[in-house]
Amino acid sequence: MRAALLALLLASGPTGADGALAQLATQLSAEVRASGAVAPLAVTVSAPGHPGLEEAFSTLLLARLAGLGLEARLVPTGPDAEALARQRGSRALLRVRLGLGTTLAATGDVLSTWVNFFSPRDVRGPGPAAVVFAEVPPDDAVRALWQSPVAQGLVLEPVPLARWPVRTAALATGALGGATGVTLAVLTEEAVEVRAADGHLLARRPLAGLPVAEAPSREAFGTLCLCDGLLYAFSARRAQGEVLALEDGALRVRAPLDHPVVACGSPPLEATFRPGAARLLPLGAAGPDALPPQAPFAWGFLRRQGPHGPAWLLLLEDGTARTGGTGPGRSFPGVGAGAALLEADGTLHLAASSASALPVVDRLVLLSAEDGTERASVEVPGRILQVTPAALKAGAPEALLLGVWGPDGGAELRLVRARP
Amino acid sequence: MKGRCLLGAALLARWLHPLEAPAAERARLGGTLVVDLVGVAAPSAETAGETPEAASARALLALPLCRLSPEATPVLATLGREGAAPDTVVVTPLPGARFPDGAALRPGDVAETLYRLLEAQGPYASLLAPLASPEETLKEALLHPEAPLRLRLQHAWPDFEASLCHPAFTPSRPGTGGAPGMGVGLYVRTPAGRLVGGRGTPTGPPFPAALAFSSASARLAERALLRGEVQAVLGASPGQAASSPLLFATYLVHRKGSLPEGALSALAQVDLEALVRTFVPGPAVAMPGLLPPGLLGTAPLPAAPRAAPRPAGAARGFSLGYEAALPEQRAVAERLQVLLHDAGFQVHLLPETRAGLERARLAGAFEAQLVSVLLPPLPAPALAVVLGLAGDTALLRRELPGLGAEGDAAARAARVRARALELQPVLPIVPLYVRGLRVQLSEALVGARKDSFGLLVLDDAWLVR
């Protein structure tokens, strides 16, 4: 399929109406020429996680550069690209990185690799650099290449399901009475929202009516649970939570909630918030399949039905995730704010965000819950705050729903699917 | 040898923190946020934040009434127009906010803050000029401190809500003896004198457990920053140009008719670019127009008047007051003294306190002064502050209704620009330069940002250990 797409892209060529990728290559090559780069040129193109796009763009870019009289050849991306370029006798190195946001952007720089014969051998640093940049609105072919099956097992849907100007505090998915199919429940700093699987808003209930907590948390934080068709929502900024039901397209209160609910069951598993902090403590009797003994304050607690019985996940303050339940318990160090248990291929997996403070691009990793080995990973722009499994279609593998905090202070709801 | 010692220290540090995750994921709790103040007075009850650095430091102990979002809409407090009466602004302070003594922040406290500012007739009082009978309204509000504060405007002024977010309007509780006390702070002072995370903000306590101010020279502070002993240095010039708005503007204000003939044209000949480059540290640019380039745009300015011939005969002089606590004002004043001497004028420098300068200005007992003000990030209120500095209240009353009548923000900005260009030759004000916040931040500090005034906001900041 990738080859077909590539053929399609190349066929549309410089004559007819250019595709977005061809336009981008034309623009970028003009920029490179304007930067005063000298042939022969070495080129690296990187679009991490999207080799289809990388391959197609490299081909187009080399063709366009050659058209401008800049003979170019591809070198592998990496720290030794410059050395390779020198070794192959190139006079300059063009490094390009592709990114897809609202536009398809190619960002890069041109380094001179020319070495002065008279300079001492050990001063061969990078030469003067010029920055090149081009962007075009993406078209269908670009999106298709971006999504094309890759070696990794996780694929980020390019378009967010929803956006908010504020941060998300909690996510949940499941069946809600009054709605067909799977619903996505989102708790933000301001409201509880229920959305359909495609992201469109079904109902919204502002939190403004609830009493303010005595010691609210600065970070947006809270719990959401979909149990027996009801939504249990509790924000750590409020003194009270609510049990909500979807009736006639609106969220109506069935009962007030004194304690946040972290897991379904009879009775549901409750917790308490640590005053003034985004931490919670699960309450209830410890048991092999219910709760770890002496559970400390944590970022999150999740419990679900695994393939061999109930399993739980506890996210600790030091960045460790602990799993337990039926089967052996494990510790995973260096886990980020968002993590979830995911069932794939009949076994349980841990999907966890990365442990960096404020990443520009976060990484979602899929680890085997049994032996802790990494199975797959995907890069997600922004900072992943919440992860929750979503069984969007019966029979299809579970997807992951992410609450991602952007650099502008807002948040997005994004979907990561397992490889088809 | 030195290299080996450093390596040893690094290994020791590694050993002390074995295999700790390099950074955290959810905001870490605890730790002490140390803010070093270079040439900035430690925020206390008596000093309202006047420089960007002092205002940023003070905001840790007294949150402003509201903060401006990037779209210039106020957050924190609720400021809105009354549906039926679009000329009335209703101020509802952050519900649940409490002063360090436990008392709730009431609309009456806001009214009192505004009243004090109006009474002092400082440069920011002109931000309240659009109010209809402000004294009566605020006195009335003081009698009913719990009732929502309703401020009626005498003419259209769409930027009024945004103006109230100026740090000068930070609500504070009067202490004993009439001095302003501390406001609703992220950090509060314990009886023992420590600053600990407060519980008075309904948006939650700050992530670090405590705050400490230190003061050192810029060089020592920089080293402490590298060693991780300090997380923010306020008052140290950042190494590279910062992208924050430059709004802390310095003007030479003179009394009409007090300067000797030819002095103004001599001042107009001063190469501001060179003056700023050599004598004003940190992010700073020359300000040829009445408002900073960021607000005025790059419209062509009227040509400077030609240099008057050097006056013959006895040298004529005038006095130039400046704020002794601001080193850059001193440097600029001394430089102007030299430049004007070359042009044949004797300038007597008068180092003064800010209050002393302001008293002299209000009494009209001055010849020329350097005055620095933190301008609002919107053109119309910024021009109001500048007109207030000129001391011509009649002109202020005349100008503002016309500016506020433009409902569209872009049209209003264009009108302000046009008026600023027309008024510049008329006003007894010579714009000199504008600078921004001087700050260096540690890499261990996560989540620090700047607001639209260009002030450092540490509300959501936390420490990576």
# chains A, B, ... in the order shown; residues from 1 in each chain; ligands from 1

call {"tool": "interface_residues", "arguments": {"of": "chain B", "to": "chain A", "cutoff": "12 Å", "atoms": "only C-alpha atoms", "output": "PyMOL selection string"}}
result
chain B and resi 19-30+69-71+94-98+186+197-209+443-449+459-465

call {"tool": "write_last_selection", "arguments": {"atoms": "C-alpha atoms", "output": "compact mmCIF listing (two decimals), in the first residue's frame"}}
result
# COMPACT_ATOMS: atom_id res chain seq x y z
CA LEU B 19 19.14 5.96 40.64
CA GLU B 20 16.62 8.67 41.25
CA ALA B 21 14.40 9.29 38.25
CA PRO B 22 15.92 12.27 36.39
CA ALA B 23 12.69 14.19 36.64
CA ALA B 24 9.17 13.77 37.81
CA GLU B 25 5.98 13.36 35.93
CA ARG B 26 3.20 14.77 37.99
CA ALA B 27 4.21 17.93 39.80
CA ARG B 28 6.48 17.06 42.71
CA LEU B 29 5.49 18.30 46.10
CA GLY B 30 7.79 19.83 48.66
CA SER B 69 -4.52 35.34 29.90
CA PRO B 70 -2.63 35.51 26.58
CA GLU B 71 -5.90 36.72 25.02
CA LEU B 94 -11.56 34.91 43.85
CA PRO B 95 -14.17 33.12 45.99
CA GLY B 96 -12.70 31.41 48.99
CA ALA B 97 -9.49 33.49 48.93
CA ARG B 98 -8.18 34.33 52.39
CA LEU B 186 0.83 31.66 47.59
CA GLY B 197 2.90 27.37 51.18
CA GLY B 198 -0.39 29.03 52.03
CA ARG B 199 -3.87 27.61 52.09
CA GLY B 200 -5.52 30.91 51.30
CA THR B 201 -5.81 30.41 47.55
CA PRO B 202 -8.78 28.43 46.26
CA THR B 203 -6.63 27.32 43.34
CA GLY B 204 -4.63 25.24 45.78
CA PRO B 205 -1.36 25.65 47.64
CA PRO B 206 1.89 25.94 45.65
CA PHE B 207 3.85 22.75 44.99
CA PRO B 208 7.02 23.73 46.90
CA ALA B 209 6.53 23.57 50.65
CA GLU B 443 16.66 24.04 35.04
CA ALA B 444 15.38 22.39 38.20
CA LEU B 445 12.42 24.75 38.21
CA VAL B 446 9.55 23.46 36.11
CA GLY B 447 6.40 25.30 35.10
CA ALA B 448 7.56 28.91 35.56
CA ARG B 449 6.01 31.25 33.00
CA ASP B 459 2.01 29.78 40.65
CA ASP B 460 2.33 26.34 39.05
CA ALA B 461 6.09 25.99 39.36
CA TRP B 462 7.68 22.98 41.05
CA LEU B 463 11.11 21.70 41.76
CA VAL B 464 12.85 18.75 40.22
CA ARG B 465 15.27 17.21 42.66

call {"tool": "residues_around", "arguments": {"residues": "Ala233 of chain A", "least_positions_apart": "3", "cutoff": "10 Å", "atoms": "only C-alpha atoms", "output": "ChimeraX atom specification"}}
result
/A:170-172,185-187,191-192,222-226,230,240-244,256-257,259-262

call {"tool": "atom_distance", "arguments": {"atom1": "atom CA of Pro167 of chain B", "atom2": "atom CA of Thr137 of chain B"}}
result
21.7 Å

call {"tool": "residues_around", "arguments": {"residues": "segment 119-136 of chain B", "least_positions_apart": "2", "cutoff": "9 Å", "atoms": "only C-alpha atoms", "output": "ChimeraX atom specification"}}
result
/B:114-117,138-141,151-157,160,163-164,166,168-169,358,362,373-375,381-382,384-389,391,393,396-397,400-401

call {"tool": "select_by_dssp", "arguments": {"residues": "segment 126-157 of chain B", "states": "helix (DSSP H, G or I)", "output": "list of chain:residue names"}}
result
B:Ser126, B:Leu127, B:Leu128, B:Pro134, B:Glu135, B:Glu136, B:Thr137, B:Leu138, B:Lys139, B:Glu140, B:Ala141, B:Leu142, B:Leu143

call {"tool": "write_last_selection", "arguments": {"atoms": "N, CA and C atoms", "output": "PDB file, in the first residue's frame"}}
result
ATOM      1  N   SER B 126      -4.421  56.949  37.085  1.00  0.00           N
ATOM      2  CA  SER B 126      -5.146  57.335  35.870  1.00  0.00           C
ATOM      3  C   SER B 126      -5.788  56.129  35.190  1.00  0.00           C
ATOM      4  N   LEU B 127      -5.426  54.921  35.622  1.00  0.00           N
ATOM      5  CA  LEU B 127      -6.129  53.741  35.100  1.00  0.00           C
ATOM      6  C   LEU B 127      -7.570  53.736  35.610  1.00  0.00           C
ATOM      7  N   LEU B 128      -7.821  54.472  36.709  1.00  0.00           N
ATOM      8  CA  LEU B 128      -9.166  54.537  37.270  1.00  0.00           C
ATOM      9  C   LEU B 128      -9.908  55.773  36.767  1.00  0.00           C
ATOM     10  N   PRO B 134     -15.436  58.314  41.241  1.00  0.00           N
ATOM     11  CA  PRO B 134     -14.796  57.169  41.889  1.00  0.00           C
ATOM     12  C   PRO B 134     -14.781  57.269  43.421  1.00  0.00           C
ATOM     13  N   GLU B 135     -14.490  58.446  43.965  1.00  0.00           N
ATOM     14  CA  GLU B 135     -14.397  58.570  45.419  1.00  0.00           C
ATOM     15  C   GLU B 135     -15.701  58.133  46.078  1.00  0.00           C
ATOM     16  N   GLU B 136     -16.817  58.682  45.557  1.00  0.00           N
ATOM     17  CA  GLU B 136     -18.118  58.392  46.173  1.00  0.00           C
ATOM     18  C   GLU B 136     -18.424  56.901  46.057  1.00  0.00           C
ATOM     19  N   THR B 137     -18.199  56.350  44.854  1.00  0.00           N
ATOM     20  CA  THR B 137     -18.504  54.930  44.628  1.00  0.00           C
ATOM     21  C   THR B 137     -17.714  54.060  45.599  1.00  0.00           C
ATOM     22  N   LEU B 138     -16.415  54.354  45.724  1.00  0.00           N
ATOM     23  CA  LEU B 138     -15.560  53.488  46.541  1.00  0.00           C
ATOM     24  C   LEU B 138     -15.874  53.676  48.032  1.00  0.00           C
ATOM     25  N   LYS B 139     -16.155  54.904  48.455  1.00  0.00           N
ATOM     26  CA  LYS B 139     -16.525  55.144  49.852  1.00  0.00           C
ATOM     27  C   LYS B 139     -17.806  54.387  50.181  1.00  0.00           C
ATOM     28  N   GLU B 140     -18.738  54.423  49.253  1.00  0.00           N
ATOM     29  CA  GLU B 140     -20.005  53.718  49.433  1.00  0.00           C
ATOM     30  C   GLU B 140     -19.733  52.215  49.558  1.00  0.00           C
ATOM     31  N   ALA B 141     -18.831  51.715  48.703  1.00  0.00           N
ATOM     32  CA  ALA B 141     -18.515  50.281  48.722  1.00  0.00           C
ATOM     33  C   ALA B 141     -17.848  49.892  50.030  1.00  0.00           C
ATOM     34  N   LEU B 142     -17.078  50.795  50.617  1.00  0.00           N
ATOM     35  CA  LEU B 142     -16.393  50.484  51.878  1.00  0.00           C
ATOM     36  C   LEU B 142     -17.406  50.285  53.003  1.00  0.00           C
ATOM     37  N   LEU B 143     -18.566  50.916  52.878  1.00  0.00           N
ATOM     38  CA  LEU B 143     -19.595  50.765  53.911  1.00  0.00           C
ATOM     39  C   LEU B 143     -20.258  49.391  53.824  1.00  0.00           C
TER      40      LEU B 143
END

call {"tool": "select_by_dssp", "arguments": {"residues": "segment 73-205 of chain A", "states": "strand (DSSP E)", "output": "ChimeraX atom specification"}}
result
/A:73-74,92-100,104-112,129-136,154-156,162-164,168-175,182-188,191-196,201-205

call {"tool": "residues_around", "arguments": {"residues": "Asp342 of chain B", "least_positions_apart": "2", "cutoff": "12 Å", "atoms": "only C-alpha atoms", "output": "tab-separated table (two decimals) with all heavy atoms, in the first residue's frame"}}
result
chain	number	residue	atom	x	y	z
B	263	ALA	N	17.02	72.95	25.56
B	263	ALA	CA	17.33	71.69	26.26
B	263	ALA	C	16.56	70.52	25.65
B	263	ALA	O	17.09	69.42	25.50
B	263	ALA	CB	17.02	71.83	27.74
B	266	ALA	N	18.07	69.45	22.52
B	266	ALA	CA	19.32	68.73	22.82
B	266	ALA	C	19.01	67.31	23.27
B	266	ALA	O	19.71	66.36	22.89
B	266	ALA	CB	20.09	69.48	23.90
B	267	LEU	N	17.94	67.16	24.06
B	267	LEU	CA	17.54	65.81	24.51
B	267	LEU	C	17.11	64.96	23.31
B	267	LEU	O	17.37	63.76	23.27
B	267	LEU	CB	16.38	65.91	25.49
B	267	LEU	CG	16.75	66.11	26.96
B	267	LEU	CD1	15.51	66.43	27.78
B	267	LEU	CD2	17.41	64.85	27.51
B	269	GLN	N	18.29	64.98	20.49
B	269	GLN	CA	19.45	64.55	19.70
B	269	GLN	C	20.17	63.35	20.31
B	269	GLN	O	21.05	62.78	19.68
B	269	GLN	CB	20.47	65.70	19.59
B	269	GLN	CG	19.94	66.93	18.89
B	269	GLN	CD	19.53	66.63	17.48
B	269	GLN	OE1	20.21	65.92	16.76
B	269	GLN	NE2	18.39	67.16	17.08
B	270	VAL	N	19.78	63.02	21.57
B	270	VAL	CA	20.49	61.92	22.26
B	270	VAL	C	20.28	60.62	21.51
B	270	VAL	O	19.15	60.29	21.12
B	270	VAL	CB	19.98	61.79	23.71
B	270	VAL	CG1	20.50	60.52	24.36
B	270	VAL	CG2	20.37	63.00	24.52
B	310	ARG	N	24.54	75.81	19.68
B	310	ARG	CA	25.01	75.80	21.05
B	310	ARG	C	24.83	77.19	21.65
B	310	ARG	O	25.29	78.19	21.08
B	310	ARG	CB	26.50	75.44	21.03
B	310	ARG	CG	27.07	75.11	22.37
B	310	ARG	CD	28.58	74.94	22.21
B	310	ARG	NE	29.22	75.01	23.52
B	310	ARG	CZ	29.54	73.94	24.20
B	310	ARG	NH1	29.32	72.76	23.72
B	310	ARG	NH2	30.09	74.07	25.39
B	311	PRO	N	24.09	77.28	22.78
B	311	PRO	CA	23.81	78.60	23.33
B	311	PRO	C	25.10	79.29	23.75
B	311	PRO	O	25.98	78.68	24.34
B	311	PRO	CB	22.93	78.32	24.53
B	311	PRO	CG	23.18	76.88	24.88
B	311	PRO	CD	23.55	76.20	23.62
B	315	ALA	N	26.50	79.13	30.86
B	315	ALA	CA	25.84	77.84	30.75
B	315	ALA	C	24.54	77.91	31.53
B	315	ALA	O	24.47	78.51	32.60
B	315	ALA	CB	26.73	76.76	31.33
B	335	ARG	N	24.68	59.76	32.39
B	335	ARG	CA	25.03	59.84	30.98
B	335	ARG	C	24.38	61.07	30.33
B	335	ARG	O	25.01	61.78	29.55
B	335	ARG	CB	24.59	58.56	30.27
B	335	ARG	CG	24.94	58.49	28.81
B	335	ARG	CD	26.42	58.51	28.60
B	335	ARG	NE	26.76	58.63	27.18
B	335	ARG	CZ	27.92	59.08	26.74
B	335	ARG	NH1	28.86	59.45	27.58
B	335	ARG	NH2	28.16	59.15	25.45
B	336	LEU	N	23.12	61.31	30.69
B	336	LEU	CA	22.42	62.49	30.14
B	336	LEU	C	23.13	63.76	30.59
B	336	LEU	O	23.26	64.72	29.83
B	336	LEU	CB	20.97	62.51	30.62
B	336	LEU	CG	20.04	61.47	29.99
B	336	LEU	CD1	18.64	61.59	30.56
B	336	LEU	CD2	19.99	61.64	28.47
B	337	GLN	N	23.62	63.73	31.84
B	337	GLN	CA	24.35	64.89	32.36
B	337	GLN	C	25.55	65.21	31.46
B	337	GLN	O	25.78	66.35	31.08
B	337	GLN	CB	24.82	64.59	33.78
B	337	GLN	CG	25.45	65.76	34.50
B	337	GLN	CD	25.94	65.36	35.89
B	337	GLN	OE1	26.40	64.23	36.07
B	337	GLN	NE2	25.81	66.26	36.84
B	338	VAL	N	26.28	64.14	31.12
B	338	VAL	CA	27.47	64.31	30.28
B	338	VAL	C	27.09	64.82	28.90
B	338	VAL	O	27.65	65.78	28.38
B	338	VAL	CB	28.24	62.97	30.18
B	338	VAL	CG1	29.33	63.06	29.12
B	338	VAL	CG2	28.81	62.59	31.52
B	339	LEU	N	26.06	64.17	28.30
B	339	LEU	CA	25.67	64.53	26.94
B	339	LEU	C	25.17	65.96	26.87
B	339	LEU	O	25.46	66.70	25.93
B	339	LEU	CB	24.59	63.57	26.43
B	339	LEU	CG	25.06	62.14	26.16
B	339	LEU	CD1	23.87	61.25	25.83
B	339	LEU	CD2	26.05	62.13	25.01
B	340	LEU	N	24.39	66.35	27.89
B	340	LEU	CA	23.83	67.70	27.88
B	340	LEU	C	24.91	68.74	28.20
B	340	LEU	O	24.82	69.88	27.74
B	340	LEU	CB	22.67	67.81	28.86
B	340	LEU	CG	21.41	67.06	28.40
B	340	LEU	CD1	20.36	67.04	29.48
B	340	LEU	CD2	20.84	67.69	27.14
B	344	GLY	N	26.02	72.17	26.21
B	344	GLY	CA	26.02	73.48	26.84
B	344	GLY	C	25.03	73.65	27.97
B	344	GLY	O	24.60	74.76	28.26
B	345	PHE	N	24.62	72.54	28.60
B	345	PHE	CA	23.68	72.64	29.72
B	345	PHE	C	24.28	72.02	30.97
B	345	PHE	O	24.91	70.96	30.90
B	345	PHE	CB	22.37	71.93	29.37
B	345	PHE	CG	21.63	72.56	28.25
B	345	PHE	CD1	21.80	72.11	26.95
B	345	PHE	CD2	20.79	73.64	28.47
B	345	PHE	CE1	21.14	72.71	25.90
B	345	PHE	CE2	20.13	74.24	27.42
B	345	PHE	CZ	20.29	73.79	26.12
B	346	GLN	N	24.08	72.67	32.10
B	346	GLN	CA	24.52	72.12	33.37
B	346	GLN	C	23.34	71.37	33.98
B	346	GLN	O	22.29	71.95	34.22
B	346	GLN	CB	24.93	73.25	34.33
B	346	GLN	CG	26.18	73.99	33.90
B	346	GLN	CD	27.42	73.13	34.10
B	346	GLN	OE1	27.41	72.20	34.90
B	346	GLN	NE2	28.48	73.43	33.37
B	347	VAL	N	23.50	70.07	34.21
B	347	VAL	CA	22.42	69.28	34.81
B	347	VAL	C	22.82	68.94	36.23
B	347	VAL	O	23.88	68.36	36.47
B	347	VAL	CB	22.14	68.00	34.00
B	347	VAL	CG1	21.04	67.20	34.66
B	347	VAL	CG2	21.75	68.35	32.58

call {"tool": "atom_distance", "arguments": {"atom1": "atom CA of Leu149 of chain B", "atom2": "atom CA of Leu383 of chain B"}}
result
25.7 Å

call {"tool": "atom_distance", "arguments": {"atom1": "atom CA of Thr272 of chain A", "atom2": "atom CA of Pro389 of chain A"}}
result
23.5 Å

call {"tool": "closest_residue", "arguments": {"among": "B:Leu33, B:Val430, B:Ala42, B:Leu441", "to": "Leu291 of chain B", "atoms": "only C-alpha atoms"}}
result
B:Val430

call {"tool": "residues_around", "arguments": {"residues": "segment 56-61 of chain B", "least_positions_apart": "6", "cutoff": "8 Å", "atoms": "only C-alpha atoms", "output": "number ranges by chain"}}
result
B: 42-44, 48-49, 167, 182-188, 234, 455-459

call {"tool": "residues_around", "arguments": {"residues": "Val182 of chain A", "least_positions_apart": "4", "cutoff": "8 Å", "atoms": "only C-alpha atoms", "output": "PyMOL selection string"}}
result
chain A and resi 173-176+196-197+391-392

call {"tool": "residues_around", "arguments": {"residues": "Val194 of chain A", "least_positions_apart": "3", "cutoff": "6 Å", "atoms": "only C-alpha atoms", "output": "number ranges by chain"}}
result
A: 184-185, 202-203
